[in-house]
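Shown next: my_file-v7.cif, containing mmCIF, C-alpha atoms.
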```cif
data_start
#
loop_
_atom_site.label_atom_id
_atom_site.label_comp_id
_atom_site.auth_asym_id
_atom_site.auth_seq_id
_atom_site.Cartn_x
_atom_site.Cartn_y
_atom_site.Cartn_z
CA MET A 29 4.89 192.08 21.08
CA ILE A 30 1.58 190.30 21.03
CA PRO A 31 -0.20 193.22 19.32
CA ILE A 32 2.44 193.41 16.60
CA ILE A 33 2.24 189.67 16.00
CA GLY A 34 -1.54 189.88 16.00
CA LEU A 35 -1.52 192.71 13.48
CA ALA A 36 0.91 190.93 11.22
CA VAL A 37 -0.99 187.65 11.36
CA GLY A 38 -4.29 189.46 10.77
CA VAL A 39 -2.97 191.37 7.76
CA LEU A 40 -1.49 188.21 6.32
CA ALA A 41 -4.70 186.29 6.87
CA GLY A 42 -6.74 189.05 5.29
CA LEU A 43 -4.47 189.21 2.28
CA LEU A 44 -4.25 185.47 1.84
CA LEU A 45 -7.88 184.57 2.48
CA ASP A 46 -9.17 187.64 0.65
CA PRO A 47 -12.73 187.23 1.84
CA SER A 48 -15.49 189.38 0.45
CA VAL A 49 -16.95 191.84 2.93
CA PRO A 50 -20.61 191.13 3.58
CA LEU A 51 -22.87 193.76 2.14
CA TRP A 52 -24.33 194.98 5.43
CA LEU A 53 -20.85 195.47 6.86
CA GLN A 54 -19.36 197.40 4.00
CA PRO A 55 -20.29 200.92 5.12
CA TYR A 56 -19.09 200.26 8.67
CA LEU A 57 -15.90 198.32 8.17
CA PRO A 58 -13.71 201.28 7.19
CA ILE A 59 -15.04 203.35 10.09
CA ALA A 60 -14.49 200.45 12.47
CA VAL A 61 -10.95 200.04 11.21
CA VAL A 62 -10.22 203.72 11.75
CA ALA A 63 -11.71 203.59 15.24
CA ALA A 64 -9.64 200.53 16.09
CA LEU A 65 -6.55 202.27 14.76
CA ASP A 66 -7.33 205.15 17.09
CA ALA A 67 -7.56 202.73 20.03
CA VAL A 68 -4.27 201.10 19.03
CA PHE A 69 -2.51 204.45 18.83
CA GLY A 70 -3.96 205.37 22.21
CA GLY A 71 -2.67 202.09 23.62
CA VAL A 72 0.81 202.68 22.24
CA ARG A 73 0.81 206.15 23.72
CA ALA A 74 -0.32 204.80 27.09
CA ARG A 75 2.45 202.23 26.96
CA PHE A 76 4.97 205.01 26.44
CA ASP A 77 3.40 207.07 29.20
CA GLY A 78 3.67 204.06 31.46
CA ILE A 79 -0.04 203.97 32.20
CA PHE A 80 -1.00 201.15 29.90
CA ASP A 81 -3.79 199.03 31.21
CA ALA A 82 -4.91 195.98 29.28
CA LYS A 83 -8.46 196.29 30.51
CA VAL A 84 -8.70 199.93 29.48
CA PHE A 85 -7.22 199.06 26.12
CA VAL A 86 -9.63 196.22 25.43
CA VAL A 87 -12.64 198.19 26.56
CA SER A 88 -11.66 201.31 24.64
CA PHE A 89 -10.92 199.26 21.55
CA VAL A 90 -14.28 197.54 21.54
CA SER A 91 -16.25 200.60 22.55
CA ASN A 92 -14.48 202.76 19.96
CA VAL A 93 -15.38 200.35 17.21
CA VAL A 94 -18.93 199.88 18.37
CA VAL A 95 -19.61 203.57 18.91
CA ALA A 96 -18.11 204.56 15.58
CA ALA A 97 -20.14 201.94 13.75
CA LEU A 98 -23.22 202.92 15.71
CA ILE A 99 -22.84 206.58 14.82
CA VAL A 100 -22.54 205.72 11.17
CA PHE A 101 -25.46 203.34 11.41
CA LEU A 102 -27.60 206.04 12.99
CA GLY A 103 -26.47 208.47 10.35
CA ASP A 104 -27.50 206.02 7.68
CA GLN A 105 -30.90 205.69 9.27
CA LEU A 106 -31.22 209.47 9.40
CA GLY A 107 -30.02 209.92 5.86
CA VAL A 108 -26.80 211.71 6.79
CA GLY A 109 -24.60 208.64 6.86
CA ALA A 110 -22.00 210.04 4.49
CA GLN A 111 -21.63 213.26 6.47
CA LEU A 112 -21.56 211.49 9.81
CA SER A 113 -18.99 208.98 8.68
CA THR A 114 -16.91 211.90 7.46
CA ALA A 115 -17.30 213.53 10.87
CA VAL A 116 -16.28 210.32 12.65
CA VAL A 117 -13.27 209.91 10.43
CA VAL A 118 -12.25 213.52 11.02
CA VAL A 119 -12.55 213.21 14.80
CA LEU A 120 -10.72 209.91 14.91
CA GLY A 121 -8.10 211.26 12.56
CA ILE A 122 -7.48 214.21 14.87
CA ARG A 123 -7.14 211.85 17.82
CA ILE A 124 -4.78 209.61 15.92
CA PHE A 125 -2.69 212.63 15.08
CA ALA A 126 -2.60 213.74 18.71
CA ASN A 127 -1.62 210.26 19.87
CA ALA A 128 0.98 210.00 17.16
CA ALA A 129 2.41 213.33 18.26
CA ALA A 130 2.67 212.09 21.87
CA ILE A 131 4.33 208.88 20.70
CA ARG A 132 6.70 210.92 18.62
CA ARG A 133 7.64 213.01 21.62
CA HIS A 134 8.43 209.87 23.56
CA LEU A 135 10.40 208.30 20.78
CA PHE A 136 12.40 211.27 19.55
CA ARG A 137 12.16 213.63 22.50
CA ALA A 138 10.95 216.21 20.16
CA MET B 686 -1.76 197.53 61.74
CA THR B 687 -0.93 195.30 64.59
CA GLY B 688 2.49 196.83 65.04
CA ARG B 689 1.09 200.35 64.96
CA GLY B 690 -0.56 200.35 68.33
CA PRO B 691 2.44 199.58 70.46
CA ASP B 692 4.57 201.83 68.35
CA ALA B 693 2.35 204.81 68.97
CA GLY B 694 2.26 204.09 72.68
CA GLY B 695 5.99 203.56 72.88
CA PRO B 696 8.43 205.85 74.63
CA ASP B 697 9.62 207.44 71.43
CA ALA B 698 6.14 208.26 70.31
CA GLY B 699 6.18 211.78 71.70
CA GLY B 700 7.35 213.53 68.53
CA PRO B 701 6.23 212.05 65.25
CA ASP B 702 2.78 210.71 65.85
CA VAL B 703 1.17 213.02 63.33
CA GLY B 704 1.02 211.35 59.97
CA GLY B 705 2.47 208.22 61.45
CA PRO B 706 4.95 206.22 59.47
CA ALA B 707 3.85 203.57 57.10
CA PRO B 708 3.54 200.11 58.60
CA GLY B 709 6.58 198.83 56.85
CA GLU B 710 8.79 201.81 57.61
CA PRO B 711 9.64 202.32 61.22
CA GLY B 712 10.21 206.05 61.32
CA PRO B 713 11.67 207.10 64.64
CA ALA B 714 12.79 203.62 65.48
CA ASP B 715 14.72 203.38 62.31
CA PRO B 716 18.23 204.10 63.65
CA ALA B 717 17.68 201.72 66.49
CA ALA B 718 16.09 199.09 64.34
CA VAL B 719 18.98 198.81 61.98
CA ASP B 720 21.07 196.78 64.29
CA PRO B 721 18.40 194.42 65.61
CA VAL B 722 17.50 193.44 62.13
CA GLU B 723 20.90 192.00 61.65
CA SER B 724 21.06 190.49 65.11
CA ALA B 725 17.39 190.09 65.64
CA ASP B 726 17.60 187.69 68.51
CA VAL B 727 19.38 190.05 70.86
CA PRO B 728 16.83 192.54 72.13
CA ALA B 729 18.44 195.45 74.04
CA ASP B 730 15.48 197.45 75.19
CA ASP B 731 11.81 198.01 74.45
CA ALA B 732 12.19 200.17 71.45
CA ARG B 733 14.71 197.95 69.89
CA GLU B 734 12.61 194.89 70.43
CA GLU B 735 9.65 196.70 69.06
CA GLY B 736 11.56 197.65 65.94
CA ALA B 737 12.81 194.17 65.49
CA ARG B 738 9.35 192.73 65.90
CA LYS B 739 7.96 195.11 63.41
CA GLU B 740 10.64 194.22 60.97
CA ARG B 741 9.90 190.59 61.48
CA ALA B 742 6.23 191.21 61.04
CA ARG B 743 6.89 192.97 57.80
CA LYS B 744 8.99 190.10 56.62
CA GLU B 745 6.29 187.68 57.57
CA ARG B 746 3.56 189.72 56.06
CA ALA B 747 5.25 190.21 52.72
CA PRO B 748 4.99 186.56 51.71
CA GLU B 749 1.36 186.62 52.71
CA GLU B 750 0.48 189.79 50.85
CA SER B 751 2.44 189.32 47.63
CA PRO B 752 0.96 186.04 46.39
CA PRO B 753 -2.58 187.38 45.85
CA VAL B 754 -1.26 190.32 43.81
CA VAL B 755 0.91 188.08 41.72
CA ALA B 756 -1.92 185.61 41.36
CA VAL B 757 -4.28 188.29 40.12
CA ARG B 758 -1.74 189.59 37.65
CA ARG B 759 -0.85 186.12 36.50
CA HIS B 760 -4.50 185.34 36.17
CA ARG B 761 -5.39 188.45 34.19
CA GLU B 762 -2.35 188.71 32.02
CA PRO B 763 -2.99 185.78 29.65
CA LEU B 764 -6.61 186.77 29.25
CA ALA B 765 -5.72 190.39 28.50
CA ALA B 766 -2.92 189.33 26.23
CA ALA B 767 -5.22 186.96 24.40
CA LEU B 768 -7.88 189.63 24.09
CA ILE B 769 -5.34 192.15 22.83
CA GLY B 770 -3.98 189.62 20.42
CA VAL B 771 -7.43 188.75 19.12
CA LEU B 772 -8.40 192.40 18.79
CA THR B 773 -5.24 193.39 16.95
CA LEU B 774 -5.59 190.33 14.77
CA LEU B 775 -9.12 191.37 13.94
CA LEU B 776 -7.89 194.86 13.23
CA GLY B 777 -5.22 193.63 10.89
CA PHE B 778 -7.64 191.30 9.21
CA ALA B 779 -10.27 194.00 8.76
CA PHE B 780 -7.64 196.42 7.56
CA ALA B 781 -6.37 194.05 4.92
CA VAL B 782 -9.86 193.07 3.84
CA GLN B 783 -10.94 196.67 3.62
CA VAL B 784 -7.88 197.63 1.61
CA ARG B 785 -8.51 194.72 -0.70
CA SER B 786 -12.17 195.49 -1.15
CA THR B 787 -11.46 199.16 -1.79
CA ASP B 788 -9.45 198.09 -4.78
CA ASP B 789 -12.38 196.16 -6.18
CA ASP B 790 -15.27 197.62 -8.05
CA GLN B 791 -17.40 195.59 -5.72
CA ALA B 792 -16.99 198.40 -3.25
CA LEU B 793 -19.88 200.02 -5.08
CA ALA B 794 -22.20 197.30 -3.88
CA GLY B 795 -21.95 198.51 -0.30
CA SER B 796 -21.95 202.21 -1.08
CA ARG B 797 -24.65 204.55 0.10
CA GLU B 798 -27.33 205.83 -2.13
CA GLU B 799 -26.03 209.39 -2.22
CA ASP B 800 -22.54 208.17 -2.92
CA LEU B 801 -23.85 206.06 -5.75
CA ILE B 802 -25.77 209.03 -7.13
CA ARG B 803 -22.63 211.15 -6.97
CA ILE B 804 -20.61 208.44 -8.67
CA LEU B 805 -23.30 208.06 -11.28
CA ASP B 806 -23.27 211.81 -11.88
CA ASP B 807 -19.54 211.78 -12.23
CA LEU B 808 -19.71 208.91 -14.66
CA THR B 809 -22.46 210.57 -16.66
CA GLY B 810 -20.47 213.77 -16.88
CA ARG B 811 -17.43 211.84 -17.94
CA GLU B 812 -19.43 209.94 -20.49
CA ASP B 813 -20.76 213.19 -21.92
CA ARG B 814 -17.30 214.62 -22.15
CA LEU B 815 -16.00 211.48 -23.78
CA ARG B 816 -18.88 211.44 -26.23
CA LEU B 817 -18.15 215.04 -27.11
CA GLN B 818 -14.53 214.13 -27.64
CA ILE B 819 -15.51 211.19 -29.81
CA SER B 820 -17.72 213.32 -32.02
CA GLU B 821 -15.01 215.96 -32.29
CA GLN B 822 -12.46 213.36 -33.22
CA ARG B 823 -14.87 211.81 -35.70
CA SER B 824 -15.49 215.11 -37.43
CA ALA B 825 -11.78 215.81 -37.44
CA LEU B 826 -11.20 212.39 -38.96
CA ALA B 827 -13.87 212.97 -41.58
CA GLN B 828 -12.36 216.35 -42.37
CA LEU B 829 -8.91 214.88 -42.69
CA ASN B 830 -10.22 212.06 -44.85
CA GLY B 831 -12.06 214.60 -46.98
CA THR B 832 -9.05 216.82 -47.43
CA GLY B 833 -6.94 213.76 -48.00
CA GLY B 834 -9.24 212.58 -50.77
CA GLN B 835 -9.52 216.06 -52.19
CA SER B 836 -5.81 216.60 -52.15
CA ALA B 837 -5.21 213.21 -53.73
CA GLU B 838 -7.71 214.08 -56.41
CA ALA B 839 -6.16 217.48 -56.86
CA LEU B 840 -2.78 215.85 -57.08
CA ASP B 841 -4.01 213.47 -59.77
CA GLU B 842 -5.60 216.34 -61.64
CA ALA B 843 -2.45 218.39 -61.37
CA ARG B 844 -0.43 215.45 -62.56
CA ARG B 845 -2.72 214.97 -65.55
CA ARG B 846 -2.52 218.64 -66.38
CA ALA B 847 1.22 218.56 -66.03
CA GLU B 848 1.36 215.62 -68.43
CA THR B 849 -0.92 217.34 -70.88
CA LEU B 850 1.07 220.52 -70.70
CA GLY B 851 4.28 218.58 -70.93
CA ILE B 852 3.12 216.93 -74.12
CA LEU B 853 1.89 220.20 -75.55
CA ASN B 854 5.03 222.04 -74.56
CA GLY B 855 7.32 219.29 -75.67
CA THR B 856 8.88 218.52 -72.34
CA LEU B 857 7.55 214.96 -72.36
CA ALA B 858 7.91 212.26 -74.93
CA ALA B 859 4.62 211.15 -76.44
CA GLU B 860 3.28 208.39 -78.59
CA GLY B 861 0.08 207.72 -80.37
CA PRO B 862 -1.55 207.59 -83.82
CA GLY B 863 -0.49 210.21 -86.30
CA LEU B 864 1.50 210.93 -89.37
CA GLU B 865 5.00 210.46 -90.56
CA MET B 866 5.57 212.98 -93.23
CA THR B 867 8.74 213.48 -95.19
CA ILE B 868 9.33 216.65 -97.16
CA GLY B 869 12.22 216.44 -99.57
CA ASP B 870 13.88 219.56 -100.84
CA PRO B 871 16.13 218.57 -103.71
CA ALA B 872 15.93 222.05 -105.24
CA GLY B 873 16.69 223.86 -102.03
CA ARG B 874 13.64 226.08 -102.38
CA VAL B 875 11.60 225.06 -99.32
CA THR B 876 11.69 228.20 -97.25
CA ALA B 877 11.04 228.80 -93.61
CA ALA B 878 7.66 230.18 -94.52
CA VAL B 879 6.76 226.88 -96.13
CA VAL B 880 7.74 224.98 -93.04
CA VAL B 881 5.75 227.39 -90.88
CA LYS B 882 2.77 226.88 -93.17
CA VAL B 883 3.12 223.13 -92.79
CA LEU B 884 3.24 223.41 -89.01
CA GLN B 885 0.22 225.72 -88.95
CA GLU B 886 -1.77 223.42 -91.20
CA LEU B 887 -0.93 220.48 -89.01
CA ARG B 888 -1.96 222.37 -85.89
CA ALA B 889 -5.15 223.50 -87.51
CA ALA B 890 -5.86 219.88 -88.36
CA GLY B 891 -5.56 218.92 -84.72
CA ALA B 892 -1.93 217.95 -84.35
CA GLU B 893 -1.25 217.62 -80.66
CA THR B 894 2.51 217.49 -80.70
CA MET B 895 5.16 216.99 -83.29
CA GLN B 896 8.81 217.07 -84.06
CA VAL B 897 10.81 217.95 -87.12
CA ASP B 898 13.89 215.79 -87.47
CA ASP B 899 15.14 215.88 -83.90
CA VAL B 900 13.63 219.18 -82.87
CA ARG B 901 10.44 219.20 -80.88
CA VAL B 902 7.94 221.80 -81.98
CA GLY B 903 6.36 223.86 -79.24
CA ALA B 904 4.33 227.00 -78.87
CA SER B 905 7.29 229.30 -79.24
CA THR B 906 9.09 227.37 -81.93
CA ALA B 907 10.51 229.64 -84.56
CA VAL B 908 11.65 228.60 -88.03
CA THR B 909 14.53 230.65 -89.31
CA GLY B 910 17.25 230.45 -91.89
CA THR B 911 17.49 230.28 -95.62
CA PRO B 912 16.27 227.39 -97.76
CA GLY B 913 18.51 224.40 -97.46
CA ASP B 914 19.90 225.81 -94.24
CA LEU B 915 16.86 226.02 -91.98
CA GLU B 916 16.89 226.19 -88.24
CA LEU B 917 14.17 225.34 -85.75
CA ASP B 918 14.65 227.13 -82.47
CA GLY B 919 18.23 227.76 -83.57
CA ARG B 920 18.96 224.11 -84.19
CA PRO B 921 19.78 223.18 -87.76
CA VAL B 922 17.54 220.80 -89.65
CA SER B 923 18.29 219.42 -93.04
CA ALA B 924 16.25 218.02 -95.90
CA PRO B 925 14.55 215.75 -96.12
CA TYR B 926 12.55 217.12 -93.26
CA VAL B 927 10.89 214.32 -91.35
CA PHE B 928 7.74 215.40 -89.49
CA ARG B 929 6.42 213.11 -86.83
CA VAL B 930 3.01 214.28 -85.74
CA ILE B 931 0.56 212.90 -83.24
CA GLY B 932 -3.08 213.58 -83.91
CA SER B 933 -5.91 212.23 -86.01
CA PRO B 934 -4.12 210.64 -88.99
CA GLU B 935 -7.01 210.98 -91.46
CA THR B 936 -7.79 214.58 -90.60
CA MET B 937 -4.18 215.62 -90.89
CA ALA B 938 -3.58 213.67 -94.07
CA THR B 939 -6.61 215.31 -95.58
CA ALA B 940 -5.43 218.71 -94.42
CA MET B 941 -2.08 218.15 -96.10
CA ASN B 942 -3.69 217.30 -99.42
CA ILE B 943 -6.39 219.89 -99.70
CA PRO B 944 -6.31 221.92 -102.88
CA ASN B 945 -3.92 224.80 -102.61
CA GLY B 946 -2.66 223.23 -99.43
CA VAL B 947 0.70 222.27 -98.13
CA ALA B 948 1.33 219.50 -100.58
CA ARG B 949 0.75 221.78 -103.52
CA THR B 950 2.93 224.50 -102.04
CA VAL B 951 5.80 222.08 -101.55
CA ARG B 952 5.46 220.65 -105.00
CA LEU B 953 5.37 224.14 -106.49
CA ARG B 954 8.82 224.58 -105.01
CA ASP B 955 10.03 221.36 -106.55
CA GLY B 956 9.91 219.57 -103.25
CA THR B 957 8.55 216.15 -102.55
CA ILE B 958 6.04 215.26 -99.91
CA GLU B 959 5.19 211.86 -98.61
CA VAL B 960 2.51 211.38 -96.01
CA VAL B 961 2.25 208.08 -94.19
CA GLN B 962 -0.55 207.50 -91.71
CA SER B 963 0.49 205.44 -88.76
CA ASP B 964 -1.17 203.97 -85.73
CA HIS B 965 1.92 204.43 -83.69
CA VAL B 966 4.07 207.48 -83.92
CA VAL B 967 6.70 208.24 -81.32
CA VAL B 968 7.58 211.85 -80.65
CA ASP B 969 10.55 211.65 -78.35
CA ALA B 970 12.52 214.81 -78.97
CA LEU B 971 12.31 217.08 -75.95
CA ARG B 972 12.29 220.80 -75.44
CA VAL B 973 13.75 222.64 -72.53
CA LEU B 974 11.29 225.12 -71.12
CA GLU B 975 12.57 228.48 -70.15
CA ARG B 976 11.04 230.17 -67.21
CA PRO B 977 8.94 233.08 -68.38
CA GLN B 978 10.83 236.27 -67.74
CA TYR B 979 7.90 238.69 -67.70
CA ALA B 980 4.72 236.69 -67.41
CA GLU B 981 3.60 235.54 -63.97
CA PRO B 982 0.63 233.41 -63.14
CA THR B 983 -2.35 235.36 -61.81
CA ASP B 984 -4.34 234.31 -58.82
CA GLY B 985 -7.44 234.13 -60.98
CA ASP B 986 -8.04 230.41 -60.78
#
```

Write out the structure in this file as structure tokens.
Amino acid sequence: MIPIIGLAVGVLAGLLLDPSVPLWLQPYLPIAVVAALDAVFGGVRARFDGIFDAKVFVVSFVSNVVVAALIVFLGDQLGVGAQLSTAVVVVLGIRIFANAAAIRRHLFRA
Amino acid sequence: MTGRGPDAGGPDAGGPDVGGPAPGEPGPADPAAVDPVESADVPADDAREEGARKERARKERAPEESPPVVAVRRHREPLAAALIGVLTLLLGFAFAVQVRSTDDDQALAGSREEDLIRILDDLTGREDRLRLQISEQRSALAQLNGTGGQSAEALDEARRRAETLGILNGTLAAEGPGLEMTIGDPAGRVTAAVVVKVLQELRAAGAETMQVDDVRVGASTAVTGTPGDLELDGRPVSAPYVFRVIGSPETMATAMNIPNGVARTVRLRDGTIEVVQSDHVVVDALRVLERPQYAEPTDGD
């Protein structure tokens, strides 16, 4: 319940406040969002599997975001930022799909 | 663990000592222990008392053991919940912000160099294509304008030619300076040949179009009949013959009066001729053109 409320409040705040993303954050924000989405999907799946642990969720959330941003940052420094961010998005996308499939199995038994 | 020692050394311990029962679950003593639990204060023998004690110990221990677990969970839960709430709030916030900023053109400001180069390339290509389109459209427009002007001009020219031809053919009424000439034939001796001679003289003098009485004279006009009963194009005309001619009045008047000309011919036949120059002659009799039966226009010009 708390996560749903948090998401809703966050989206509302973002839409209402409409802040401008600082320049240095702009390449990393989308990657961080995707990484956080991955963590959220993983958390939902864990909840359905009955092995949800708040600590694991928080740590995985933060570390996912940080690692994803770090990879992209490193890629930028190496001059392959675009490719690396694509790679990160692909990997996270695959994980999100896998988690979504597990959630689907729990929800629909199929 | 305190209850374990006596249990193992008890009289029933012969069988199930391997993998001993959990502290809370009295294995072999279980059937015996059921009763003492309910009437715990009436010990029957050793084993029963032991079971009852163990049960009591478990009951005592449970209140001791549970509070720390609950305390830890109660202590961690708000923190974790708050953290989760903050994180998901951040996620939602970042999501919304990112979605918003993706809509903006400002997204370019944070783009990478290679992305910008690609975007620039795309834009340049698009610009080239659009420029090409513009020039094509421009030339098409110019062409259309040109043909439009040309066709308008051609239309005007055709209209002018049609008017000219209409006047010459007698399909259009005309007005302008010219002559009004009346040829009287009291003696009835003005023949068709005389009338033809008059028409030819007038044409030679530059008559552009004319009519005799109410009959327009055209290229194919024929004068037939006997004197006093003449016909132009099959339509009867009667004396006095009134010629209305458009052309140069002086030239035609002179042409009528030249020696051995029309005037003399008419007078020789006892006719009268009266030539009046006018600045405004109306020739309003019309001819109906027949479509040529044999001649067809060539593609020459």

| Residue IDs satisfying the PyMOL selection byres ((chain B) within 10 of (chain A)), as a ChimeraX atom specification | /B:761-762,764-787,789,791-800

| Chain and number of each residue from the PyMOL selection byres ((chain B and resi 868-881) around 8), as a VMD selection string | chain B and resid 866 to 867 882 to 885 908 to 913 915 924 to 928 947 950 to 951 954 to 959

| query | Using all atoms listed in the file, which of A:Leu120, A:Ile79, A:Ala130, A:Val84 sits nearest Asp66 (chain A)? | reply | A:Leu120

| request: Quick one: pull the distance between CA of Asp918 (chain B) and CA of Ile943 (chain B), Å, one decimal. | output: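 So the answer is 28.1 Å.
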
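Interatomic distance, CA of Val973 (chain B) to CA of Thr856 (chain B): 6.4 Å.
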
| query | If you count all atoms listed in the file, which residues fall within 9 Å of Val900 (chain B), apart from same-chain ones fewer than 5 positions away, as a VMD selection string? | reply | chain B and resid 895 917 to 918 920 to 922 970 to 972

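One distance worth recording is that between CA of Thr832 (chain B) and CA of Glu848 (chain B), which is 23.5 Å.
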